[in-house]
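Source file: structure27.pdb (PDB, C-alpha atoms)
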```
ATOM      1  CA  MET P 287     -22.561  -8.186 -17.102
ATOM      2  CA  ARG P 288     -23.681  -8.307 -20.758
ATOM      3  CA  ALA P 289     -25.720  -5.115 -20.391
ATOM      4  CA  SER P 290     -22.647  -3.359 -19.027
ATOM      5  CA  ARG P 291     -20.577  -4.632 -21.961
ATOM      6  CA  LEU P 292     -23.169  -3.426 -24.507
ATOM      7  CA  LEU P 293     -23.093   0.022 -22.934
ATOM      8  CA  SER P 294     -19.294   0.020 -22.931
ATOM      9  CA  LEU P 295     -19.330  -0.937 -26.623
ATOM     10  CA  LEU P 296     -21.590   2.033 -27.407
ATOM     11  CA  LEU P 297     -19.427   4.400 -25.373
ATOM     12  CA  LEU P 298     -16.270   3.201 -27.110
ATOM     13  CA  LEU P 299     -17.796   3.850 -30.537
ATOM     14  CA  GLN P 300     -19.076   7.206 -29.354
ATOM     15  CA  GLN P 301     -15.599   8.093 -28.124
ATOM     16  CA  HIS P 302     -13.494   6.784 -31.025
ATOM     17  CA  GLY P 303     -15.871   7.109 -33.971
ATOM     18  CA  ARG P 304     -15.019   3.826 -35.704
ATOM     19  CA  LEU P 305     -13.530   0.607 -34.373
ATOM     20  CA  THR P 306     -13.132  -2.869 -35.846
ATOM     21  CA  ALA P 307     -14.513  -5.971 -34.189
ATOM     22  CA  ALA P 308     -10.957  -6.968 -33.245
ATOM     23  CA  GLN P 309     -10.306  -3.591 -31.612
ATOM     24  CA  LEU P 310     -13.571  -3.740 -29.676
ATOM     25  CA  ALA P 311     -12.857  -7.307 -28.605
ATOM     26  CA  GLU P 312      -9.425  -6.318 -27.292
ATOM     27  CA  ARG P 313     -10.787  -3.359 -25.313
ATOM     28  CA  LEU P 314     -13.673  -5.349 -23.827
ATOM     29  CA  ALA P 315     -11.635  -8.542 -23.209
ATOM     30  CA  VAL P 316     -13.969 -10.773 -25.240
ATOM     31  CA  SER P 317     -13.763 -12.616 -28.557
ATOM     32  CA  PRO P 318     -14.645 -11.023 -31.939
ATOM     33  CA  ARG P 319     -17.502 -13.538 -32.170
ATOM     34  CA  THR P 320     -18.971 -12.037 -28.989
ATOM     35  CA  ILE P 321     -18.711  -8.574 -30.543
ATOM     36  CA  TYR P 322     -20.638  -9.761 -33.595
ATOM     37  CA  ARG P 323     -23.437 -11.059 -31.348
ATOM     38  CA  ASP P 324     -23.453  -7.823 -29.337
ATOM     39  CA  VAL P 325     -23.731  -5.742 -32.516
ATOM     40  CA  GLU P 326     -26.699  -7.837 -33.638
ATOM     41  CA  SER P 327     -28.363  -7.269 -30.270
ATOM     42  CA  LEU P 328     -27.842  -3.517 -30.557
ATOM     43  CA  HIS P 329     -29.309  -3.577 -34.059
ATOM     44  CA  ALA P 330     -32.355  -5.413 -32.733
ATOM     45  CA  ALA P 331     -32.726  -2.752 -30.020
ATOM     46  CA  GLY P 332     -32.863  -0.022 -32.669
ATOM     47  CA  ILE P 333     -29.416   1.467 -32.091
ATOM     48  CA  PRO P 334     -28.272   3.224 -35.322
ATOM     49  CA  LEU P 335     -25.055   1.241 -35.649
ATOM     50  CA  TYR P 336     -23.568   0.086 -38.932
ATOM     51  CA  GLY P 337     -20.419  -1.599 -40.160
ATOM     52  CA  GLU P 338     -18.224  -1.280 -43.211
ATOM     53  CA  ALA P 339     -15.980  -3.971 -44.641
ATOM     54  CA  GLY P 340     -12.468  -3.507 -45.935
ATOM     55  CA  HIS P 341      -9.116  -2.363 -44.595
ATOM     56  CA  ALA P 342     -10.486   0.961 -43.341
ATOM     57  CA  GLY P 343     -13.797  -0.517 -42.219
ATOM     58  CA  GLY P 344     -15.268  -1.101 -38.814
ATOM     59  CA  TYR P 345     -18.342  -0.324 -36.772
ATOM     60  CA  GLN P 346     -19.605   3.173 -36.079
ATOM     61  CA  LEU P 347     -22.712   5.038 -34.986
ATOM     62  CA  VAL P 348     -24.784   7.197 -37.281
ATOM     63  CA  ASP P 349     -23.443  10.746 -37.251
ATOM     64  CA  GLY P 350     -25.079  12.854 -34.568
ATOM     65  CA  TRP P 351     -26.365   9.941 -32.479
ATOM     66  CA  ARG P 352     -25.202   9.881 -28.880
ATOM     67  CA  THR P 353     -26.232   7.651 -26.030
ATOM     68  CA  ARG P 354     -27.522   9.362 -22.904
ATOM     69  CA  LEU P 355     -26.748   6.340 -20.726
ATOM     70  CA  THR P 356     -23.733   8.020 -19.168
ATOM     71  CA  GLY P 357     -25.025   8.531 -15.635
ATOM     72  CA  LEU P 358     -22.641   7.356 -12.924
ATOM     73  CA  THR P 359     -23.731   4.640 -10.540
ATOM     74  CA  SER P 360     -23.276   5.259  -6.829
ATOM     75  CA  GLU P 361     -20.358   2.809  -6.718
ATOM     76  CA  GLU P 362     -18.647   4.507  -9.663
ATOM     77  CA  ALA P 363     -19.104   7.930  -8.093
ATOM     78  CA  ASP P 364     -17.652   6.642  -4.803
ATOM     79  CA  ARG P 365     -14.521   5.465  -6.640
ATOM     80  CA  LEU P 366     -14.208   8.486  -8.917
ATOM     81  CA  PHE P 367     -11.258   9.949  -6.981
ATOM     82  CA  LEU P 368      -9.192   6.934  -8.075
ATOM     83  CA  ALA P 369      -9.751   7.555 -11.791
ATOM     84  CA  GLY P 370      -6.220   8.912 -12.226
ATOM     85  CA  LEU P 371      -4.570   5.934 -10.521
ATOM     86  CA  PRO P 372      -5.537   2.733 -12.352
ATOM     87  CA  GLY P 373      -2.718   0.731 -10.739
ATOM     88  CA  PRO P 374      -3.803   1.288  -7.128
ATOM     89  CA  ALA P 375      -7.435   0.919  -8.204
ATOM     90  CA  ASP P 376      -6.610  -2.538  -9.552
ATOM     91  CA  GLU P 377      -4.905  -3.440  -6.277
ATOM     92  CA  LEU P 378      -8.037  -2.436  -4.373
ATOM     93  CA  GLY P 379     -10.218  -4.496  -6.704
ATOM     94  CA  TYR P 380     -11.840  -1.451  -8.340
ATOM     95  CA  GLY P 381     -10.031  -1.590 -11.694
ATOM     96  CA  ASP P 382     -13.084  -2.455 -13.812
ATOM     97  CA  VAL P 383     -15.224   0.150 -12.062
ATOM     98  CA  VAL P 384     -12.628   2.889 -12.577
ATOM     99  CA  ALA P 385     -12.198   1.966 -16.244
ATOM    100  CA  THR P 386     -15.957   2.298 -16.765
ATOM    101  CA  VAL P 387     -16.000   5.640 -14.956
ATOM    102  CA  ARG P 388     -13.240   7.012 -17.191
ATOM    103  CA  LEU P 389     -15.065   5.796 -20.287
ATOM    104  CA  LYS P 390     -18.353   7.368 -19.200
ATOM    105  CA  LEU P 391     -16.711  10.665 -18.328
ATOM    106  CA  HIS P 392     -14.914  10.767 -21.663
ATOM    107  CA  ALA P 393     -18.102  10.027 -23.579
ATOM    108  CA  ALA P 394     -20.072  12.699 -21.720
ATOM    109  CA  LEU P 395     -17.616  15.512 -22.430
ATOM    110  CA  PRO P 396     -18.136  17.996 -25.273
ATOM    111  CA  ALA P 397     -15.816  17.399 -28.228
ATOM    112  CA  PRO P 398     -13.223  20.122 -27.346
ATOM    113  CA  LEU P 399     -12.936  18.918 -23.749
ATOM    114  CA  ARG P 400     -12.872  15.298 -24.873
ATOM    115  CA  ASP P 401      -9.886  16.048 -27.101
ATOM    116  CA  ARG P 402      -8.179  17.833 -24.232
ATOM    117  CA  ALA P 403      -8.792  14.879 -21.913
ATOM    118  CA  THR P 404      -7.207  12.554 -24.465
ATOM    119  CA  GLN P 405      -4.172  14.833 -24.737
ATOM    120  CA  LEU P 406      -3.813  14.951 -20.960
ATOM    121  CA  GLN P 407      -3.814  11.165 -20.770
ATOM    122  CA  GLN P 408      -1.028  11.049 -23.341
ATOM    123  CA  ARG P 409       1.064  13.720 -21.597
ATOM    124  CA  PHE P 410       0.696  12.885 -17.899
ATOM    125  CA  HIS P 411       0.981   9.445 -16.343
ATOM    126  CA  LEU P 412       0.973   8.674 -12.624
ATOM    127  CA  ASP P 413       3.066   5.702 -11.478
ATOM    128  CA  PRO P 414       3.149   5.653  -7.660
ATOM    129  CA  ALA P 415       5.364   2.568  -7.310
ATOM    130  CA  GLY P 416       9.085   2.892  -6.690
ATOM    131  CA  TRP P 417      11.844   2.045  -9.178
ATOM    132  CA  TYR P 418      13.028  -1.047  -7.350
ATOM    133  CA  ALA P 419       9.665  -2.496  -6.367
ATOM    134  CA  ASP P 420       6.154  -2.718  -7.758
ATOM    135  CA  GLY P 421       4.636  -1.815  -4.416
ATOM    136  CA  ASP P 422       3.640  -4.210  -1.684
ATOM    137  CA  ALA P 423      -0.010  -4.935  -2.282
ATOM    138  CA  SER P 424      -1.270  -7.688   0.001
ATOM    139  CA  PRO P 425      -3.832 -10.391  -0.705
ATOM    140  CA  GLU P 426      -5.754  -8.804   2.169
ATOM    141  CA  LEU P 427      -5.817  -5.305   0.643
ATOM    142  CA  ALA P 428      -9.238  -5.633  -0.991
ATOM    143  CA  ARG P 429     -10.833  -7.017   2.175
ATOM    144  CA  THR P 430      -9.211  -4.280   4.222
ATOM    145  CA  ALA P 431     -10.682  -1.701   1.848
ATOM    146  CA  GLU P 432     -14.100  -3.331   2.145
ATOM    147  CA  ALA P 433     -13.901  -3.154   5.933
ATOM    148  CA  VAL P 434     -12.910   0.517   5.737
ATOM    149  CA  TRP P 435     -15.863   1.238   3.493
ATOM    150  CA  ARG P 436     -18.424  -0.714   5.525
ATOM    151  CA  GLN P 437     -17.037   0.350   8.914
ATOM    152  CA  HIS P 438     -16.673  -3.228  10.123
ATOM    153  CA  ARG P 439     -14.111  -4.410  12.616
ATOM    154  CA  ILE P 440     -11.478  -6.888  11.488
ATOM    155  CA  GLU P 441      -9.291  -9.333  13.350
ATOM    156  CA  VAL P 442      -5.793  -9.513  11.932
ATOM    157  CA  ARG P 443      -2.662 -11.525  12.503
ATOM    158  CA  TYR P 444       0.060  -8.944  12.029
ATOM    159  CA  ARG P 445       3.842  -9.101  11.701
ATOM    160  CA  GLY P 446       5.145  -6.280  13.891
ATOM    161  CA  TRP P 447       8.622  -5.246  15.012
ATOM    162  CA  ASN P 448       8.493  -7.679  17.925
ATOM    163  CA  GLY P 449       7.000 -10.661  16.093
ATOM    164  CA  GLU P 450       3.489 -11.755  15.204
ATOM    165  CA  VAL P 451       0.520 -10.372  17.117
ATOM    166  CA  THR P 452      -3.261 -10.658  16.854
ATOM    167  CA  ARG P 453      -5.285  -7.483  16.944
ATOM    168  CA  VAL P 454      -8.907  -6.401  16.552
ATOM    169  CA  LEU P 455      -8.891  -3.199  14.504
ATOM    170  CA  GLU P 456     -11.376  -0.529  13.505
ATOM    171  CA  PRO P 457     -10.053   0.583  10.106
ATOM    172  CA  TYR P 458     -10.608   4.297   9.495
ATOM    173  CA  GLY P 459      -8.900   4.630   6.111
ATOM    174  CA  LEU P 460      -6.277   3.464   3.623
ATOM    175  CA  VAL P 461      -3.279   5.500   2.482
ATOM    176  CA  LEU P 462      -0.929   4.837  -0.426
ATOM    177  CA  LYS P 463       2.521   6.241   0.362
ATOM    178  CA  GLY P 464       5.546   5.615  -1.861
ATOM    179  CA  GLY P 465       3.963   2.537  -3.434
ATOM    180  CA  ARG P 466       3.110   1.073  -0.024
ATOM    181  CA  TRP P 467      -0.371   0.678   1.453
ATOM    182  CA  TYR P 468      -1.080   1.614   5.062
ATOM    183  CA  VAL P 469      -4.296   1.212   6.993
ATOM    184  CA  VAL P 470      -5.024   3.799   9.667
ATOM    185  CA  ALA P 471      -6.900   1.926  12.365
ATOM    186  CA  ASN P 472      -7.807   2.122  16.011
ATOM    187  CA  GLN P 473      -7.871  -0.691  18.540
ATOM    188  CA  PRO P 474     -11.096  -0.749  20.575
ATOM    189  CA  GLY P 475     -10.453   0.949  23.888
ATOM    190  CA  ARG P 476      -7.481   2.952  22.614
ATOM    191  CA  SER P 477      -7.636   6.733  22.436
ATOM    192  CA  ALA P 478      -5.819   7.257  19.118
ATOM    193  CA  PRO P 479      -5.390   5.369  15.842
ATOM    194  CA  ALA P 480      -2.106   4.011  14.501
ATOM    195  CA  THR P 481      -0.750   2.937  11.118
ATOM    196  CA  TYR P 482      -0.268  -0.635   9.941
ATOM    197  CA  ARG P 483       1.478  -1.835   6.778
ATOM    198  CA  VAL P 484      -1.129  -3.783   4.834
ATOM    199  CA  ASN P 485       1.393  -6.238   3.432
ATOM    200  CA  GLN P 486       2.326  -7.164   7.011
ATOM    201  CA  ILE P 487      -1.206  -8.472   7.604
ATOM    202  CA  LEU P 488      -0.702 -12.241   7.517
ATOM    203  CA  ALA P 489      -4.359 -13.171   7.973
ATOM    204  CA  LEU P 490      -7.594 -11.200   8.177
ATOM    205  CA  THR P 491     -10.996 -12.186   9.501
ATOM    206  CA  PRO P 492     -13.917  -9.806   8.846
ATOM    207  CA  LEU P 493     -16.092  -9.352  11.924
ATOM    208  CA  SER P 494     -19.810  -8.633  11.919
ATOM    209  CA  GLN P 495     -19.410  -5.827  14.445
ATOM    210  CA  GLU P 496     -19.773  -2.340  13.047
ATOM    211  CA  PHE P 497     -17.911   0.573  14.592
ATOM    212  CA  ALA P 498     -18.627   4.271  14.763
ATOM    213  CA  ARG P 499     -16.002   6.237  12.896
ATOM    214  CA  PRO P 500     -15.311   9.509  14.757
ATOM    215  CA  ALA P 501     -17.288  12.249  13.042
ATOM    216  CA  ASP P 502     -14.364  14.679  13.283
ATOM    217  CA  PHE P 503     -11.718  12.275  11.961
ATOM    218  CA  ASP P 504     -10.107  13.797   8.838
ATOM    219  CA  LEU P 505      -7.903  11.183   7.150
ATOM    220  CA  PRO P 506      -5.801  13.581   4.976
ATOM    221  CA  ALA P 507      -5.225  15.947   7.918
ATOM    222  CA  TRP P 508      -4.382  13.079  10.273
ATOM    223  CA  TRP P 509      -1.928  11.621   7.774
ATOM    224  CA  ARG P 510      -0.185  14.963   7.223
ATOM    225  CA  ALA P 511       0.295  15.339  10.976
ATOM    226  CA  HIS P 512       1.507  11.748  11.188
ATOM    227  CA  VAL P 513       4.126  12.345   8.482
ATOM    228  CA  VAL P 514       5.343  15.504  10.218
ATOM    229  CA  GLY P 515       5.652  13.638  13.504
ATOM    230  CA  PHE P 516       7.381  10.697  11.832
ATOM    231  CA  ARG P 517       9.993  12.948  10.258
ATOM    232  CA  ALA P 518      10.564  14.721  13.569
ATOM    233  CA  ARG P 519      11.188  11.349  15.256
ATOM    234  CA  LEU P 520      13.207   9.994  12.351
ATOM    235  CA  HIS P 521      16.521  11.720  13.079
ATOM    236  CA  ARG P 522      17.158  11.541  16.798
ATOM    237  CA  ASP P 523      20.952  11.498  16.672
ATOM    238  CA  GLU P 524      23.788  12.556  14.410
ATOM    239  CA  ALA P 525      27.024  11.216  12.994
ATOM    240  CA  THR P 526      30.196  12.924  11.840
ATOM    241  CA  VAL P 527      31.536  11.480   8.614
ATOM    242  CA  ARG P 528      34.121  12.042   5.917
ATOM    243  CA  LEU P 529      32.832  11.843   2.350
ATOM    244  CA  SER P 530      34.774  11.521  -0.893
ATOM    245  CA  PRO P 531      33.532  13.558  -3.877
ATOM    246  CA  THR P 532      31.932  10.382  -5.222
ATOM    247  CA  GLY P 533      30.402   9.577  -1.841
ATOM    248  CA  ARG P 534      28.915  13.035  -1.484
ATOM    249  CA  GLN P 535      27.374  12.843  -4.950
ATOM    250  CA  ARG P 536      26.065   9.357  -4.261
ATOM    251  CA  LEU P 537      24.546  10.567  -1.010
ATOM    252  CA  ARG P 538      22.529  13.127  -2.994
ATOM    253  CA  GLU P 539      21.016  10.253  -4.965
ATOM    254  CA  ILE P 540      20.171   7.885  -2.110
ATOM    255  CA  GLY P 541      19.882  10.158   0.933
ATOM    256  CA  SER P 542      16.750  11.862   2.220
ATOM    257  CA  ASP P 543      16.316  15.616   1.859
ATOM    258  CA  PRO P 544      17.089  16.333   5.549
ATOM    259  CA  VAL P 545      20.342  14.349   5.310
ATOM    260  CA  VAL P 546      21.481  16.091   2.118
ATOM    261  CA  THR P 547      20.586  19.510   3.541
ATOM    262  CA  ALA P 548      22.481  18.816   6.778
ATOM    263  CA  VAL P 549      25.598  17.693   4.893
ATOM    264  CA  ASP P 550      25.545  20.798   2.693
ATOM    265  CA  ALA P 551      25.142  23.052   5.735
ATOM    266  CA  SER P 552      27.874  21.435   7.832
ATOM    267  CA  ALA P 553      30.450  20.408   5.218
ATOM    268  CA  GLN P 554      33.926  21.788   5.907
ATOM    269  CA  ALA P 555      36.378  22.825   3.221
ATOM    270  CA  PRO P 556      37.586  19.845   1.123
ATOM    271  CA  ASP P 557      41.018  18.438   1.894
ATOM    272  CA  GLU P 558      43.713  17.914  -0.740
ATOM    273  CA  HIS P 559      41.886  14.814  -2.033
ATOM    274  CA  GLY P 560      38.471  16.482  -2.160
ATOM    275  CA  TRP P 561      37.086  14.739   0.942
ATOM    276  CA  VAL P 562      34.830  16.768   3.246
ATOM    277  CA  THR P 563      33.900  16.317   6.889
ATOM    278  CA  ALA P 564      30.215  16.846   7.664
ATOM    279  CA  VAL P 565      27.530  16.085  10.252
ATOM    280  CA  LEU P 566      24.395  14.227   9.218
ATOM    281  CA  PRO P 567      21.272  13.200  11.161
ATOM    282  CA  ILE P 568      20.644   9.501  11.810
ATOM    283  CA  GLU P 569      17.610   7.604  13.046
ATOM    284  CA  SER P 570      19.492   4.868  14.894
ATOM    285  CA  LEU P 571      22.779   2.990  14.773
ATOM    286  CA  THR P 572      21.103   0.126  12.925
ATOM    287  CA  HIS P 573      19.577   2.317  10.222
ATOM    288  CA  ALA P 574      22.728   4.408   9.836
ATOM    289  CA  HIS P 575      24.850   1.266   9.579
ATOM    290  CA  GLY P 576      22.779  -0.032   6.670
ATOM    291  CA  ASP P 577      22.472   3.323   4.923
ATOM    292  CA  LEU P 578      26.157   4.283   5.110
ATOM    293  CA  LEU P 579      27.343   0.860   3.970
ATOM    294  CA  ARG P 580      25.689   1.687   0.646
ATOM    295  CA  LEU P 581      28.424   4.280   0.114
ATOM    296  CA  GLY P 582      31.163   1.655   0.456
ATOM    297  CA  ALA P 583      34.696   3.036   0.732
ATOM    298  CA  ASP P 584      33.537   6.565  -0.131
ATOM    299  CA  VAL P 585      32.518   7.327   3.458
ATOM    300  CA  GLU P 586      34.362   7.131   6.777
ATOM    301  CA  VAL P 587      32.430   7.389  10.048
ATOM    302  CA  LEU P 588      34.269   9.396  12.683
ATOM    303  CA  THR P 589      31.592   9.470  15.408
ATOM    304  CA  PRO P 590      29.755   7.991  17.166
ATOM    305  CA  LEU P 591      32.345   5.372  18.014
ATOM    306  CA  ALA P 592      29.749   2.570  18.229
ATOM    307  CA  LEU P 593      28.700   3.206  14.620
ATOM    308  CA  ARG P 594      32.314   3.373  13.457
ATOM    309  CA  GLU P 595      33.045   0.047  15.164
ATOM    310  CA  ARG P 596      29.974  -1.592  13.612
ATOM    311  CA  ILE P 597      30.956  -0.557  10.112
ATOM    312  CA  ALA P 598      34.577  -1.557  10.707
ATOM    313  CA  ALA P 599      33.448  -4.999  11.883
ATOM    314  CA  THR P 600      31.278  -5.414   8.797
ATOM    315  CA  ALA P 601      34.123  -4.337   6.519
ATOM    316  CA  ALA P 602      36.493  -6.762   8.238
ATOM    317  CA  GLY P 603      33.985  -9.563   7.838
ATOM    318  CA  LEU P 604      33.549  -8.815   4.141
ATOM    319  CA  ALA P 605      37.322  -8.671   3.632
ATOM    320  CA  ALA P 606      37.742 -12.049   5.358
ATOM    321  CA  LEU P 607      34.931 -13.562   3.316
ATOM    322  CA  TYR P 608      36.418 -12.470   0.002
ATOM    323  CA  ARG P 609      39.954 -13.547   0.967
ATOM    324  CA  ARG P 610      38.849 -17.175   1.214
ATOM    325  CA  ASP P 611      40.161 -19.609  -1.377
TER     326      ASP P 611
END
```
Give the structure from this file in structure tokens form.
Amino acid sequence: MRASRLLSLLLLLQQHGRLTAAQLAERLAVSPRTIYRDVESLHAAGIPLYGEAGHAGGYQLVDGWRTRLTGLTSEEADRLFLAGLPGPADELGYGDVVATVRLKLHAALPAPLRDRATQLQQRFHLDPAGWYADGDASPELARTAEAVWRQHRIEVRYRGWNGEVTRVLEPYGLVLKGGRWYVVANQPGRSAPATYRVNQILALTPLSQEFARPADFDLPAWWRAHVVGFRARLHRDEATVRLSPTGRQRLREIGSDPVVTAVDASAQAPDEHGWVTAVLPIESLTHAHGDLLRLGADVEVLTPLALRERIAATAAGLAALYRRD
């Protein structure tokens, strides 16, 4: 641990030129006193490092000296693809490893490319979580990732649509989609894998049994096909609605692309109040009921009748609730 910190200290000075003990302590999550001891150790090892006192002082390396200890470890190389996503890396338990990888890469770059890398970091930031949630990382995410990596079976207690179930899974891979983690896994004896929300795993027991991951299984390709199939199954029915100008604009903000496209394609000429009649795809009565209620009094469902009756019953219940003394 200390050797890694000493190397990180050298790489930070190599990257930034001059840093105070307080700045180094903040970046390495230690006390300034620890930095002083580390600097003494580096001096004793013959590292050409010196410090200057005063307001503009700090520690720096002798001009022209560069460490060559920038080789990536096998673990760091394995996690390199996550270097642009520190948030998900932290959720997986790889945050420290990714931070070290980024530091090593930055230190190894020639000066022009190093400056460009710094500019890129200041101009582009990836935040995969949604606006109204920070994601749904589970306490079992790190152990799920470990099982994926080691190709070990896991036994999970899972909250599914029909209640809690216990499953033995062979986890093929993890996918982060819209701030939510999914594990693509197969049940022994089944012919095809399925997806499971990681935050719905209530308990996980690692098993000692290894499994053979299919040699031809391509996680990105499988996921793309899964998304296409999901979207094809998503809208199995349709509803005819009337939308006020406000409702139609609001629908553009909260509706999916297929819904907005369908409304634009089917919208009839506005009436004297600006309302339009349009047909939109729906997944089910339950989903449509919840989604359309978000538009309040700016939408009227015409068909199907069952959906219209559900929304009318909800509206009547709300009116009764708010009429109470």
Cut-off 10 Å: closest region 506-571 of chain P/region 589-609 of chain P atom pairs per residue, using all atoms listed in the file, as JSON lines:
```
{"residue": "P:Asp523", "atom": "CA", "partner": "P:Pro590", "partner_atom": "CA", "distance": 9.5}
{"residue": "P:Glu524", "atom": "CA", "partner": "P:Pro590", "partner_atom": "CA", "distance": 8.0}
{"residue": "P:Ala525", "atom": "CA", "partner": "P:Thr589", "partner_atom": "CA", "distance": 5.5}
{"residue": "P:Thr526", "atom": "CA", "partner": "P:Thr589", "partner_atom": "CA", "distance": 5.2}
{"residue": "P:Val527", "atom": "CA", "partner": "P:Thr589", "partner_atom": "CA", "distance": 7.1}
{"residue": "P:Val565", "atom": "CA", "partner": "P:Thr589", "partner_atom": "CA", "distance": 9.3}
{"residue": "P:Ser570", "atom": "CA", "partner": "P:Leu593", "partner_atom": "CA", "distance": 9.4}
{"residue": "P:Leu571", "atom": "CA", "partner": "P:Leu593", "partner_atom": "CA", "distance": 5.9}
```
Could you give me, as a PyMOL selection string, the residues within 9 Å of Asp577 (chain P), counting only C-alpha atoms and dropping anything in the same chain fewer than 5 positions from it? chain P and resi 540-541+572
Run the PyMOL selection byres ((chain P and resi 305) around 8) against the file shown and list the residues it catches, as a PyMOL selection string. chain P and resi 299+302-304+306-307+309-310+343-346
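Running the PyMOL selection byres ((chain P and resi 426) around 8) on this file leaves Ser424, Pro425, Leu427, Ala428, Arg429, Thr430, Val484, Asn485, Ile487, Ala489 and Leu490 of chain P selected.
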Saved selection, atoms kept: C-alpha atoms, as an mmCIF file, keeping the file's coordinate frame:
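Final output, result.cif:
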```cif
data_model
loop_
_atom_site.group_PDB
_atom_site.id
_atom_site.type_symbol
_atom_site.label_atom_id
_atom_site.label_comp_id
_atom_site.auth_asym_id
_atom_site.auth_seq_id
_atom_site.Cartn_x
_atom_site.Cartn_y
_atom_site.Cartn_z
ATOM 1 C CA SER P 424 -1.270 -7.688 0.001
ATOM 2 C CA PRO P 425 -3.832 -10.391 -0.705
ATOM 3 C CA LEU P 427 -5.817 -5.305 0.643
ATOM 4 C CA ALA P 428 -9.238 -5.633 -0.991
ATOM 5 C CA ARG P 429 -10.833 -7.017 2.175
ATOM 6 C CA THR P 430 -9.211 -4.280 4.222
ATOM 7 C CA VAL P 484 -1.129 -3.783 4.834
ATOM 8 C CA ASN P 485 1.393 -6.238 3.432
ATOM 9 C CA ILE P 487 -1.206 -8.472 7.604
ATOM 10 C CA ALA P 489 -4.359 -13.171 7.973
ATOM 11 C CA LEU P 490 -7.594 -11.200 8.177
#
```
Taking the file above as input, evaluate the PyMOL selection byres ((chain P and resi 474) around 12) and report the hits as a PyMOL selection string. chain P and resi 439-441+453-457+471-473+475-480+495-499
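Nearest to Ala397 (chain P) of all the residues P:Leu295, P:Gln301, P:Leu579, P:Tyr322 is P:Gln301, based on all atoms listed in the file.
Between CA of Ala308 (chain P) and CA of Arg291 (chain P) the separation is 15.0 Å.
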Gap from CA of Thr563 (chain P) to CA of Arg528 (chain P) - Å, one decimal: 4.4 Å
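With all atoms listed in the file as the basis for measurement, P:Leu581 is the residue among P:Ala431, P:Leu347, P:Leu581, P:Ala311 that approaches Gln535 (chain P) most closely.
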Restrict the calculation to all atoms listed in the file, then for each residue of region 448-496 of chain P with any atom at most 10 Å from an atom of region 502-506 of chain P give the closest atom pair and their distance in Å to one decimal, rows by chain and rising residue number, as a tab-separated table.
```
residue	atom	partner	partner_atom	distance
P:Tyr458	CA	P:Leu505	CA	7.8
P:Gly459	CA	P:Leu505	CA	6.7
P:Leu460	CA	P:Leu505	CA	8.6
P:Val461	CA	P:Leu505	CA	8.7
P:Val470	CA	P:Leu505	CA	8.3
```
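Distance-wise, CA of Gln486 (chain P) and CA of Val434 (chain P) end up 17.1 Å apart.
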Selection: 7 Å around Gly533 (chain P), only C-alpha atoms, excl. self and same-chain fewer than 4 positions, as a VMD selection string: chain P and resid 529 537 581 584 to 585
Using all atoms listed in the file, determine which residues lie at most 7 Å from region 510-522 of chain P, disregarding the query and same-chain residues fewer than 5 positions distant; provide the list as a list in words. Pro567, Ile568 and Glu569 of chain P
Write out the residues from the selection above, keeping C-alpha atoms, as a PDB file, keeping the file's coordinate frame.
```pdb
ATOM      1  CA  PRO P 567      21.272  13.200  11.161  1.00  0.00           C
ATOM      2  CA  ILE P 568      20.644   9.501  11.810  1.00  0.00           C
ATOM      3  CA  GLU P 569      17.610   7.604  13.046  1.00  0.00           C
TER       4      GLU P 569
END
```
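Using all atoms listed in the file, the nearest neighbour of Glu558 (chain P) within the list P:Gly464, P:Pro531, P:Gly576, P:Gly582 is P:Pro531.
Counting all atoms listed in the file and comparing P:Leu292, P:Leu298, P:Arg443, P:Gly560, the residue that lies closest to Arg323 (chain P) is P:Leu292.
Nearest residue to Arg436 (chain P) among P:Tyr482, P:Leu493, P:Gly465, P:His559 is P:Leu493, counting only C-alpha atoms.
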Please identify all polymer residues lying at most 8 Å from the point (-22.4, -4.6, -35.1) (file coordinates), using only C-alpha atoms, and present the result as a PyMOL selection string. chain P and resi 321-326+328-329+335-337+345
